[in-house]
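Structure data follow from start_21.tsv (TSV, C-alpha atoms and all ligand atoms):
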```tsv
chain	number	residue	atom	x	y	z
A	125	SER	CA	-7.15	-14.79	-7.07
A	126	ALA	CA	-9.72	-15.14	-9.82
A	127	LYS	CA	-9.00	-11.59	-10.97
A	128	ALA	CA	-5.27	-12.27	-11.22
A	129	THR	CA	-5.90	-15.30	-13.41
A	130	GLY	CA	-8.24	-13.29	-15.58
A	131	GLY	CA	-11.34	-15.41	-14.93
A	132	SER	CA	-14.60	-14.46	-13.32
A	133	ARG	CA	-15.13	-16.05	-9.91
A	134	HIS	CA	-15.61	-19.84	-10.03
A	135	CYS	CA	-17.14	-19.59	-13.45
A	136	PHE	CA	-15.33	-21.82	-15.91
A	137	TYR	CA	-17.83	-22.76	-18.54
A	138	SER	CA	-20.57	-20.14	-18.50
A	139	PRO	CA	-22.09	-17.75	-19.41
A	140	ALA	CA	-19.81	-17.38	-22.44
A	141	MET	CA	-20.45	-21.05	-23.10
A	142	LYS	CA	-23.96	-20.37	-24.27
A	143	GLU	CA	-22.47	-19.00	-27.49
A	144	ASP	CA	-19.09	-20.64	-27.57
A	145	ALA	CA	-19.22	-24.00	-29.33
A	146	GLN	CA	-15.66	-24.84	-28.33
A	147	LEU	CA	-16.35	-24.30	-24.66
A	148	LYS	CA	-19.45	-26.46	-24.97
A	149	LEU	CA	-17.40	-29.24	-26.47
A	150	MET	CA	-14.81	-28.92	-23.73
A	151	LEU	CA	-17.44	-29.16	-21.02
A	152	ARG	CA	-19.04	-32.18	-22.63
A	153	ARG	CA	-15.70	-33.97	-22.79
A	154	ASP	CA	-14.79	-32.98	-19.22
A	155	LEU	CA	-18.18	-34.10	-17.87
A	156	GLN	CA	-17.87	-37.44	-19.61
A	157	LYS	CA	-14.54	-37.93	-17.84
A	158	ALA	CA	-16.07	-36.75	-14.59
A	159	ILE	CA	-18.66	-39.49	-14.73
A	160	GLU	CA	-16.16	-42.17	-15.79
A	161	GLN	CA	-13.35	-41.17	-13.41
A	162	ASP	CA	-15.29	-40.62	-10.20
A	163	GLN	CA	-14.87	-36.87	-10.08
A	164	LEU	CA	-18.48	-36.39	-8.98
A	165	PHE	CA	-19.45	-36.70	-5.35
A	166	LEU	CA	-22.45	-35.97	-3.19
A	167	MET	CA	-23.10	-33.59	-0.36
A	168	PHE	CA	-26.25	-33.68	1.74
A	169	GLN	CA	-28.11	-30.70	3.16
A	170	PRO	CA	-30.37	-31.38	6.15
A	171	LYS	CA	-33.97	-30.15	6.29
A	172	VAL	CA	-35.34	-29.19	9.68
A	173	GLN	CA	-38.69	-28.83	11.35
A	174	CYS	CA	-39.42	-26.53	14.24
A	175	VAL	CA	-41.57	-28.23	16.86
A	176	GLY	CA	-42.36	-26.42	20.09
A	177	GLY	CA	-39.24	-24.29	19.84
A	178	ALA	CA	-36.98	-27.28	19.19
A	179	LEU	CA	-35.38	-28.07	15.84
A	180	LYS	CA	-35.48	-31.56	14.49
A	181	VAL	CA	-33.80	-32.81	11.32
A	182	VAL	CA	-36.47	-34.43	9.14
A	183	GLY	CA	-34.51	-35.38	6.04
A	184	VAL	CA	-31.55	-34.52	3.81
A	185	GLU	CA	-31.21	-33.48	0.17
A	186	ALA	CA	-28.49	-34.97	-2.03
A	187	LEU	CA	-26.62	-32.30	-4.01
A	188	VAL	CA	-24.07	-33.28	-6.63
A	189	ARG	CA	-20.58	-31.76	-6.66
A	190	TRP	CA	-17.82	-31.93	-9.26
A	191	GLN	CA	-14.21	-31.98	-8.18
A	192	HIS	CA	-12.49	-31.02	-11.42
A	193	PRO	CA	-8.80	-32.11	-11.53
A	194	GLN	CA	-7.63	-28.68	-12.74
A	195	LYS	CA	-10.45	-26.29	-11.99
A	196	GLY	CA	-11.31	-27.43	-8.49
A	197	LEU	CA	-14.86	-27.51	-7.25
A	198	VAL	CA	-17.36	-26.67	-10.01
A	199	SER	CA	-20.86	-25.69	-8.87
A	200	PRO	CA	-23.91	-27.59	-10.13
A	201	ALA	CA	-25.50	-24.23	-10.90
A	202	GLU	CA	-22.84	-24.10	-13.61
A	203	PHE	CA	-22.73	-27.63	-15.03
A	204	ILE	CA	-26.29	-28.89	-14.48
A	205	PRO	CA	-27.90	-26.41	-16.92
A	206	ALA	CA	-25.20	-27.23	-19.48
A	207	ALA	CA	-25.69	-30.95	-18.96
A	208	GLU	CA	-29.43	-30.48	-19.38
A	209	GLU	CA	-28.80	-28.78	-22.67
A	210	ASN	CA	-26.40	-31.38	-24.05
A	211	GLY	CA	-28.23	-34.45	-22.76
A	212	GLN	CA	-25.57	-35.62	-20.30
A	213	ILE	CA	-27.87	-34.86	-17.37
A	214	ALA	CA	-29.53	-38.28	-17.50
A	215	ASP	CA	-26.14	-39.96	-17.01
A	216	ILE	CA	-25.35	-37.66	-14.10
A	217	ASP	CA	-28.74	-38.25	-12.47
A	218	ARG	CA	-28.45	-42.00	-12.93
A	219	TRP	CA	-25.08	-41.88	-11.21
A	220	VAL	CA	-26.54	-39.75	-8.40
A	221	MET	CA	-29.51	-42.07	-7.92
A	222	ALA	CA	-27.35	-45.20	-7.74
A	223	GLN	CA	-24.94	-43.49	-5.37
A	224	VAL	CA	-27.75	-42.26	-3.09
A	225	LEU	CA	-29.37	-45.68	-2.93
A	226	ASN	CA	-26.08	-47.44	-2.14
A	227	GLN	CA	-25.40	-44.88	0.56
A	228	LEU	CA	-28.93	-45.20	1.93
A	229	GLY	CA	-28.52	-48.97	2.02
A	230	GLN	CA	-25.43	-48.58	4.20
A	231	TRP	CA	-27.07	-45.98	6.42
A	232	TYR	CA	-30.19	-48.06	6.85
A	233	ARG	CA	-28.24	-51.18	7.84
A	234	ARG	CA	-26.22	-49.12	10.31
A	235	HIS	CA	-28.86	-46.80	11.78
A	236	GLU	CA	-32.15	-48.50	10.96
A	237	GLU	CA	-35.07	-46.29	12.09
A	238	ALA	CA	-32.76	-43.32	12.78
A	239	THR	CA	-32.10	-43.09	9.02
A	240	LEU	CA	-33.91	-40.10	7.54
A	241	PRO	CA	-35.36	-39.73	4.04
A	242	VAL	CA	-33.02	-38.53	1.29
A	243	SER	CA	-34.34	-36.36	-1.51
A	244	VAL	CA	-32.85	-36.49	-4.98
A	245	ASN	CA	-33.20	-33.87	-7.71
A	246	VAL	CA	-34.44	-35.45	-10.89
A	247	SER	CA	-34.12	-33.85	-14.31
A	248	ALA	CA	-36.73	-34.06	-17.06
A	249	SER	CA	-34.54	-36.35	-19.17
A	250	LEU	CA	-34.37	-38.98	-16.45
A	251	PHE	CA	-37.90	-38.58	-15.14
A	252	SER	CA	-39.46	-38.89	-18.56
A	253	LEU	CA	-37.36	-41.89	-19.59
A	254	ASP	CA	-39.29	-45.06	-20.31
A	255	GLY	CA	-38.47	-47.52	-17.58
A	256	PHE	CA	-37.60	-44.89	-14.97
A	257	VAL	CA	-40.08	-46.31	-12.45
A	258	GLU	CA	-38.94	-49.87	-13.11
A	259	GLY	CA	-35.34	-48.73	-12.67
A	260	MET	CA	-36.20	-47.15	-9.33
A	261	ALA	CA	-37.94	-50.32	-8.17
A	262	GLU	CA	-34.93	-52.39	-9.21
A	263	LEU	CA	-32.48	-50.12	-7.36
A	264	LEU	CA	-34.63	-50.08	-4.23
A	265	SER	CA	-34.86	-53.84	-4.09
A	266	ARG	CA	-31.18	-54.41	-4.92
A	267	THR	CA	-30.07	-52.04	-2.14
A	268	ALA	CA	-32.80	-53.18	0.30
A	269	VAL	CA	-33.87	-49.58	0.92
A	270	PRO	CA	-37.52	-48.98	1.90
A	271	ALA	CA	-39.20	-46.72	-0.65
A	272	TRP	CA	-40.29	-44.15	1.95
A	273	LEU	CA	-36.61	-43.25	2.46
A	274	ILE	CA	-36.47	-41.75	-1.03
A	275	GLU	CA	-38.10	-38.52	-2.11
A	276	LEU	CA	-37.82	-37.19	-5.65
A	277	GLU	CA	-37.62	-33.44	-6.21
A	278	VAL	CA	-38.89	-32.32	-9.59
A	279	THR	CA	-39.32	-28.74	-10.71
A	280	GLU	CA	-42.61	-27.52	-12.14
A	281	HIS	CA	-40.82	-27.31	-15.44
A	282	VAL	CA	-39.96	-31.02	-15.32
A	283	ALA	CA	-43.46	-31.94	-14.19
A	284	MET	CA	-45.16	-29.96	-16.94
A	285	GLU	CA	-42.94	-31.09	-19.79
A	286	ASN	CA	-45.11	-34.10	-20.50
A	287	TYR	CA	-48.25	-33.86	-18.38
A	288	ARG	CA	-49.69	-37.29	-19.03
A	289	HIS	CA	-46.41	-39.10	-18.63
A	290	THR	CA	-45.65	-37.20	-15.42
A	291	LEU	CA	-49.05	-38.06	-14.02
A	292	GLU	CA	-48.63	-41.76	-14.76
A	293	THR	CA	-45.07	-41.85	-13.48
A	294	MET	CA	-45.99	-40.04	-10.28
A	295	LYS	CA	-48.91	-42.34	-9.61
A	296	LYS	CA	-46.70	-45.41	-9.94
A	297	LEU	CA	-44.00	-43.91	-7.73
A	298	LYS	CA	-46.59	-42.96	-5.15
A	299	GLU	CA	-47.95	-46.50	-5.18
A	300	MET	CA	-44.43	-47.77	-4.52
A	301	GLY	CA	-44.20	-45.43	-1.54
A	302	VAL	CA	-41.63	-43.01	-2.98
A	303	GLY	CA	-42.07	-39.39	-1.80
A	304	LEU	CA	-42.60	-36.58	-4.32
A	305	ALA	CA	-41.79	-32.90	-3.99
A	306	ILE	CA	-42.17	-29.91	-6.29
A	307	ASP	CA	-38.84	-28.03	-6.21
A	308	ASP	CA	-38.40	-24.29	-6.78
A	309	PHE	CA	-42.14	-23.88	-6.33
A	310	GLY	CA	-43.49	-20.57	-7.61
A	311	THR	CA	-40.91	-20.05	-10.34
A	312	GLY	CA	-42.48	-22.20	-13.03
A	313	HIS	CA	-45.16	-19.97	-14.57
A	314	SER	CA	-47.42	-23.00	-14.54
A	315	ASN	CA	-51.15	-23.37	-14.36
A	316	LEU	CA	-51.54	-24.45	-10.73
A	317	ALA	CA	-54.29	-26.91	-11.67
A	318	TYR	CA	-51.54	-29.52	-11.96
A	319	LEU	CA	-51.39	-29.63	-8.16
A	320	ARG	CA	-54.88	-31.07	-8.12
A	321	ASP	CA	-53.81	-33.93	-10.41
A	322	PHE	CA	-50.24	-34.79	-9.38
A	323	PRO	CA	-49.93	-36.91	-6.22
A	324	VAL	CA	-47.13	-34.82	-4.67
A	325	ASP	CA	-46.45	-34.65	-0.93
A	326	VAL	CA	-44.36	-31.51	-0.57
A	327	LEU	CA	-43.97	-28.02	-2.02
A	328	LYS	CA	-40.55	-26.44	-1.70
A	329	ILE	CA	-40.95	-22.67	-1.73
A	330	ASP	CA	-38.16	-21.25	-3.87
A	331	ILE	CA	-35.41	-19.17	-2.29
A	332	ALA	CA	-36.52	-16.19	-4.41
A	333	PHE	CA	-39.62	-15.80	-2.19
A	334	VAL	CA	-37.74	-16.46	1.03
A	335	LYS	CA	-34.89	-13.99	0.64
A	336	ASP	CA	-35.69	-10.96	2.84
A	337	VAL	CA	-39.35	-12.00	3.03
A	338	HIS	CA	-39.66	-10.30	6.43
A	339	ALA	CA	-39.03	-6.94	4.73
A	340	ASP	CA	-41.04	-7.34	1.53
A	341	SER	CA	-44.84	-7.20	1.68
A	342	LYS	CA	-45.28	-8.58	-1.84
A	343	LYS	CA	-43.21	-11.66	-1.06
A	344	GLN	CA	-45.19	-12.02	2.16
A	345	ALA	CA	-48.47	-12.05	0.25
A	346	LEU	CA	-47.13	-14.67	-2.16
A	347	VAL	CA	-45.74	-16.87	0.59
A	348	ARG	CA	-49.02	-16.67	2.51
A	349	ALA	CA	-50.93	-17.67	-0.62
A	350	MET	CA	-48.61	-20.62	-1.29
A	351	ILE	CA	-48.94	-21.84	2.28
A	352	SER	CA	-52.71	-21.59	2.41
A	353	MET	CA	-53.00	-23.32	-0.94
A	354	ALA	CA	-50.68	-26.09	0.23
A	355	ARG	CA	-52.72	-26.49	3.38
A	356	SER	CA	-56.00	-26.76	1.54
A	357	LEU	CA	-54.46	-29.46	-0.68
A	358	SER	CA	-52.95	-31.23	2.37
A	359	LEU	CA	-49.39	-30.75	1.12
A	360	LYS	CA	-46.38	-30.15	3.32
A	361	VAL	CA	-44.43	-26.95	2.74
A	362	ILE	CA	-40.73	-26.35	3.18
A	363	ALA	CA	-38.97	-23.03	2.67
A	364	GLU	CA	-35.68	-23.18	0.75
A	365	GLY	CA	-32.66	-20.97	1.33
A	366	VAL	CA	-33.50	-19.67	4.80
A	367	GLU	CA	-30.46	-17.64	5.77
A	368	THR	CA	-31.57	-15.36	8.60
A	369	GLU	CA	-33.53	-15.58	11.83
A	370	ALA	CA	-35.76	-12.72	10.56
A	371	GLU	CA	-36.78	-14.80	7.54
A	372	ARG	CA	-37.41	-17.85	9.72
A	373	ALA	CA	-39.49	-15.87	12.22
A	374	PHE	CA	-41.74	-14.52	9.47
A	375	LEU	CA	-42.17	-18.02	8.02
A	376	GLU	CA	-43.06	-19.39	11.42
A	377	SER	CA	-45.60	-16.59	11.88
A	378	VAL	CA	-47.42	-17.85	8.79
A	379	GLU	CA	-47.14	-21.42	10.05
A	380	CYS	CA	-44.36	-22.62	7.80
A	381	THR	CA	-42.28	-24.70	10.19
A	382	ARG	CA	-40.05	-26.68	7.83
A	383	TYR	CA	-36.86	-25.09	6.60
A	384	GLN	CA	-33.72	-25.74	4.62
A	385	GLY	CA	-30.96	-23.18	4.50
A	386	TYR	CA	-27.60	-21.92	5.68
A	387	LEU	CA	-29.21	-20.65	8.91
A	388	PHE	CA	-29.45	-24.29	9.97
A	389	TYR	CA	-27.09	-26.43	7.93
A	390	ARG	CA	-24.97	-26.09	4.83
A	391	PRO	CA	-24.58	-29.07	2.53
A	392	MET	CA	-22.49	-31.60	4.47
A	393	LEU	CA	-20.15	-34.51	3.70
A	394	THR	CA	-21.38	-38.09	3.88
A	395	LYS	CA	-19.43	-38.82	7.05
A	396	ASP	CA	-21.08	-35.92	8.85
A	397	ILE	CA	-24.55	-37.12	7.86
A	398	ASP	CA	-23.52	-40.50	9.24
A	399	LYS	CA	-22.77	-38.83	12.59
A	400	LEU	CA	-26.07	-36.99	12.43
A	401	PHE	CA	-28.00	-40.25	11.97
A	402	ALA	CA	-25.92	-41.95	14.66
A	403	ALA	CA	-26.83	-39.18	17.14
A	404	GLY	CA	-30.52	-39.61	16.26
A	405	GLU	CA	-32.88	-37.51	18.36
A	406	GLU	CA	-30.00	-35.97	20.28
A	407	TYR	CA	-28.85	-34.14	17.16
A	408	THR	CA	-31.20	-31.22	17.53
A	409	GLY	CA	-30.72	-27.51	17.87
A	410	ARG	CA	-32.85	-25.07	19.75
A	411	VAL	CA	-34.28	-21.74	18.65
A	412	ASN	CA	-35.33	-18.86	20.94
A	501	LIG	P1	-32.09	-26.98	-5.65
A	501	LIG	O1	-32.46	-28.39	-5.79
A	501	LIG	O2	-33.17	-25.98	-5.53
A	501	LIG	O3	-31.11	-26.94	-4.38
A	501	LIG	C1	-30.97	-25.85	-3.51
A	501	LIG	C2	-29.70	-25.10	-3.77
A	501	LIG	O4	-29.66	-23.99	-2.86
A	501	LIG	C3	-28.42	-25.88	-3.51
A	501	LIG	O5	-27.45	-25.36	-4.38
A	501	LIG	C4	-28.08	-25.50	-2.07
A	501	LIG	O6	-26.72	-25.67	-1.75
A	501	LIG	C5	-28.47	-24.04	-2.09
A	501	LIG	N1	-28.80	-23.52	-0.76
A	501	LIG	C6	-29.21	-24.19	0.33
A	501	LIG	N2	-29.42	-23.37	1.38
A	501	LIG	C7	-29.15	-22.12	0.93
A	501	LIG	C8	-29.17	-20.82	1.54
A	501	LIG	O7	-29.51	-20.64	2.72
A	501	LIG	N3	-28.81	-19.77	0.75
A	501	LIG	C9	-28.44	-19.93	-0.57
A	501	LIG	N4	-28.11	-18.83	-1.24
A	501	LIG	N5	-28.42	-21.13	-1.17
A	501	LIG	C10	-28.74	-22.21	-0.43
A	501	LIG	P2	-26.50	-26.28	-5.26
A	501	LIG	O8	-26.06	-27.48	-4.46
A	501	LIG	O9	-25.46	-25.40	-5.86
A	501	LIG	O10	-27.47	-26.82	-6.39
A	501	LIG	C11	-28.05	-25.94	-7.32
A	501	LIG	C12	-29.08	-26.62	-8.15
A	501	LIG	O11	-28.48	-27.62	-8.97
A	501	LIG	C13	-30.14	-27.38	-7.33
A	501	LIG	O12	-31.15	-26.50	-6.87
A	501	LIG	C14	-30.65	-28.35	-8.36
A	501	LIG	O13	-31.58	-27.74	-9.20
A	501	LIG	C15	-29.39	-28.66	-9.15
A	501	LIG	N6	-28.83	-29.94	-8.69
A	501	LIG	C16	-28.00	-30.21	-7.64
A	501	LIG	N7	-27.72	-31.52	-7.57
A	501	LIG	C17	-28.41	-32.12	-8.60
A	501	LIG	C18	-28.53	-33.48	-9.08
A	501	LIG	O14	-28.00	-34.44	-8.52
A	501	LIG	N8	-29.32	-33.65	-10.18
A	501	LIG	C19	-29.97	-32.62	-10.80
A	501	LIG	N9	-30.71	-32.89	-11.88
A	501	LIG	N10	-29.88	-31.36	-10.38
A	501	LIG	C20	-29.11	-31.11	-9.29
A	502	MG	MG	-33.78	-29.57	-4.85
A	503	MG	MG	-34.96	-25.61	-5.06
A	504	MG	MG	-33.16	-24.20	-7.16
```
Once more with this new file: its structure as structure tokens, please.
Amino acid sequence: SAKATGGSRHCFYSPAMKEDAQLKLMLRRDLQKAIEQDQLFLMFQPKVQCVGGALKVVGVEALVRWQHPQKGLVSPAEFIPAAEENGQIADIDRWVMAQVLNQLGQWYRRHEEATLPVSVNVSASLFSLDGFVEGMAELLSRTAVPAWLIELEVTEHVAMENYRHTLETMKKLKEMGVGLAIDDFGTGHSNLAYLRDFPVDVLKIDIAFVKDVHADSKKQALVRAMISMARSLSLKVIAEGVETEAERAFLESVECTRYQGYLFYRPMLTKDIDKLFAAGEEYTGRVN
């Protein structure tokens, strides 16, 4: 067990890493190898919508995983923040984007209209890179993937880092037909005026507001406010990290009918998403 080996559970590089220069160096070297030697892979977590008591999958989110040769599976919660700090995140995100588009190309040729949109998390370093939009356009055309099958998830933090550049980039992406979502919504301490300017389609309510929302009147007030604001701006809302039926029922009672969370699906392997697309409309669950 982790205790027997003296380590904390599945935590190889942090939090000690924040101070430890040697650990930082080790991670940087290991991540470089990970990118070069195909140790990264993707999982996909479905998003569902509840319509008339029936659940329908409406899209999937690509989530990167690292199969470390010695350490096993390393969580992105551990290596993404480190990679953001040391600048390797752009390489990782570029790899993810290329991988997703190749995969989408295959799915689209195989399943055509039954293929659902894939969202990709994009870091500030990639999003703010000159030529990011051109790169996206190039990838889309090379893989013959229609732009509406891609949605980019950016956090408020990413969006606010360079307001003008974000605005321009988002407008171009929107023109191309690429979907845009604000991830971890509500955690960014931002001036919400940005929502008026940025052409985003979706707000993803952060798990922090969803966890036990049915039993917490303050969270309920915040979730209600987010939903009514989204509605008045004609944005879609999806709740992240829905784990229990009680949470889902509260969300439905305030007319949030799109969910992502372990209650419905965990992140899944590519081959299982392939089955999901192959089953098309038949691949639905039922609540109540
Ligand atoms: P995120 O984009 O907000 O993704 C949601 C995270 O919540 C995922 O963790 C997902 O597995 C987890 N999750 C989903 N449903 C539930 C639930 O019901 N309960 C709980 N407790 N968690 C749930 P994951 O895959 O570990 O990713 C963590 C974060 O790492 C992501 O948060 C995202 O910020 C970042 N990340 C993942 N893949 C990429 C990537 O390719 N590029 C970049 N830049 N960041 C990524
Ligand atoms: Mg996300
Ligand atoms: Mg999130
Ligand atoms: Mg998050």
Need to verify the contact set: region 366-374 of chain A, 8 Å, only C-alpha atoms, exclusion of same-chain residues closer than 3 positions in sequence. Can you return it as a list in words? Ile331, Val334, Lys335, Asp336, Val337, His338, Ala363, Ser377, Val378, Tyr383, Gln384, Gly385, Tyr386, Leu387 and Phe388 of chain A
Using all atoms listed in the file, what are the residues with an atom within 9 Å of ligand LIG 501 (chain A), set out as an NGL selection string? :A and (166-169 or 185-189 or 199-205 or 207-208 or 213-214 or 216-221 or 244-250 or 277-279 or 307-308 or 328 or 330-331 or 335 or 364-368 or 384-391)
Å distance separating CA of Ala317 (chain A) from CA of Lys298 (chain A), one decimal place: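 Calculated distance between CA of Ala317 (chain A) and CA of Lys298 (chain A) is 19.0 Å.
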Identify, on the basis of only C-alpha atoms, every residue whose closest approach to Met294 (chain A) does not exceed 8 Å; exclude the query and any residue fewer than 4 positions from it along the same chain; express the result as a list in words.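 Contacts, with the query itself left out: Thr290, Lys298, Leu304, Phe322, Pro323 and Val324 of chain A.
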Those same residues - C-alpha atoms - I'd like them written as a PDB file, keeping the file's coordinate frame.
```pdb
ATOM      1  CA  THR A 290     -45.650 -37.200 -15.420  1.00  0.00           C
ATOM      2  CA  LYS A 298     -46.590 -42.960  -5.150  1.00  0.00           C
ATOM      3  CA  LEU A 304     -42.600 -36.580  -4.320  1.00  0.00           C
ATOM      4  CA  PHE A 322     -50.240 -34.790  -9.380  1.00  0.00           C
ATOM      5  CA  PRO A 323     -49.930 -36.910  -6.220  1.00  0.00           C
ATOM      6  CA  VAL A 324     -47.130 -34.820  -4.670  1.00  0.00           C
TER       7      VAL A 324
END
```
Which of A:Ala339, A:Leu276, A:Met392, A:Ala283 sits closest to ligand MG 502 (chain A) [using all atoms listed in the file]: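 Distance minimum relative to ligand MG 502 (chain A) lands on A:Leu276.
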Spatial neighbours of Glu262 (chain A), max dist 12 Å, all atoms listed in the file, sep filter under 5 positions, as a PDB file with C-alpha atoms, in the coordinates of the input:
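So the final result, stored in selection.pdb, reads:
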```pdb
ATOM      1  CA  MET A 221     -29.510 -42.070  -7.920  1.00  0.00           C
ATOM      2  CA  ALA A 222     -27.350 -45.200  -7.740  1.00  0.00           C
ATOM      3  CA  LEU A 225     -29.370 -45.680  -2.930  1.00  0.00           C
ATOM      4  CA  GLY A 255     -38.470 -47.520 -17.580  1.00  0.00           C
ATOM      5  CA  PHE A 256     -37.600 -44.890 -14.970  1.00  0.00           C
ATOM      6  CA  VAL A 257     -40.080 -46.310 -12.450  1.00  0.00           C
ATOM      7  CA  THR A 267     -30.070 -52.040  -2.140  1.00  0.00           C
ATOM      8  CA  ALA A 268     -32.800 -53.180   0.300  1.00  0.00           C
ATOM      9  CA  VAL A 269     -33.870 -49.580   0.920  1.00  0.00           C
ATOM     10  CA  PRO A 270     -37.520 -48.980   1.900  1.00  0.00           C
ATOM     11  CA  ALA A 271     -39.200 -46.720  -0.650  1.00  0.00           C
ATOM     12  CA  MET A 300     -44.430 -47.770  -4.520  1.00  0.00           C
TER      13      MET A 300
END
```
Nearest candidate to ligand MG 502 (chain A) (options A:Ala261, A:Leu393, A:Ala345, A:Val184; using all atoms listed in the file):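 Ranked by minimum distance to ligand MG 502 (chain A), first place goes to A:Val184.
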Identify which of the residues A:Gln173, A:Gln191, A:Thr311, A:Gln230 lies closest to ligand MG 504 (chain A), counting all atoms listed in the file when measuring atom-to-atom distances.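 The shortest atom-to-atom distance to ligand MG 504 (chain A) comes from A:Thr311.
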What gap, in Å, lies between CA of Gly259 (chain A) and CA of Gln227 (chain A)?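 Answer for the CA of Gly259 (chain A) to CA of Gln227 (chain A) separation: 17.0 Å.
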12 Å contact set for Asn210 (chain A), only C-alpha atoms, chain neighbours under 5 positions out, as a PyMOL selection string: chain A and resi 141-142+145+148-153+155-156+203-205+215-216+249
Give me the residues near Ala238 (chain A) as a PyMOL selection string, where near means some atom within 10 Å (using all atoms listed in the file) and where sequence neighbours in that chain fewer than 2 positions away do not count. chain A and resi 231-232+234-236+240-241+400-405
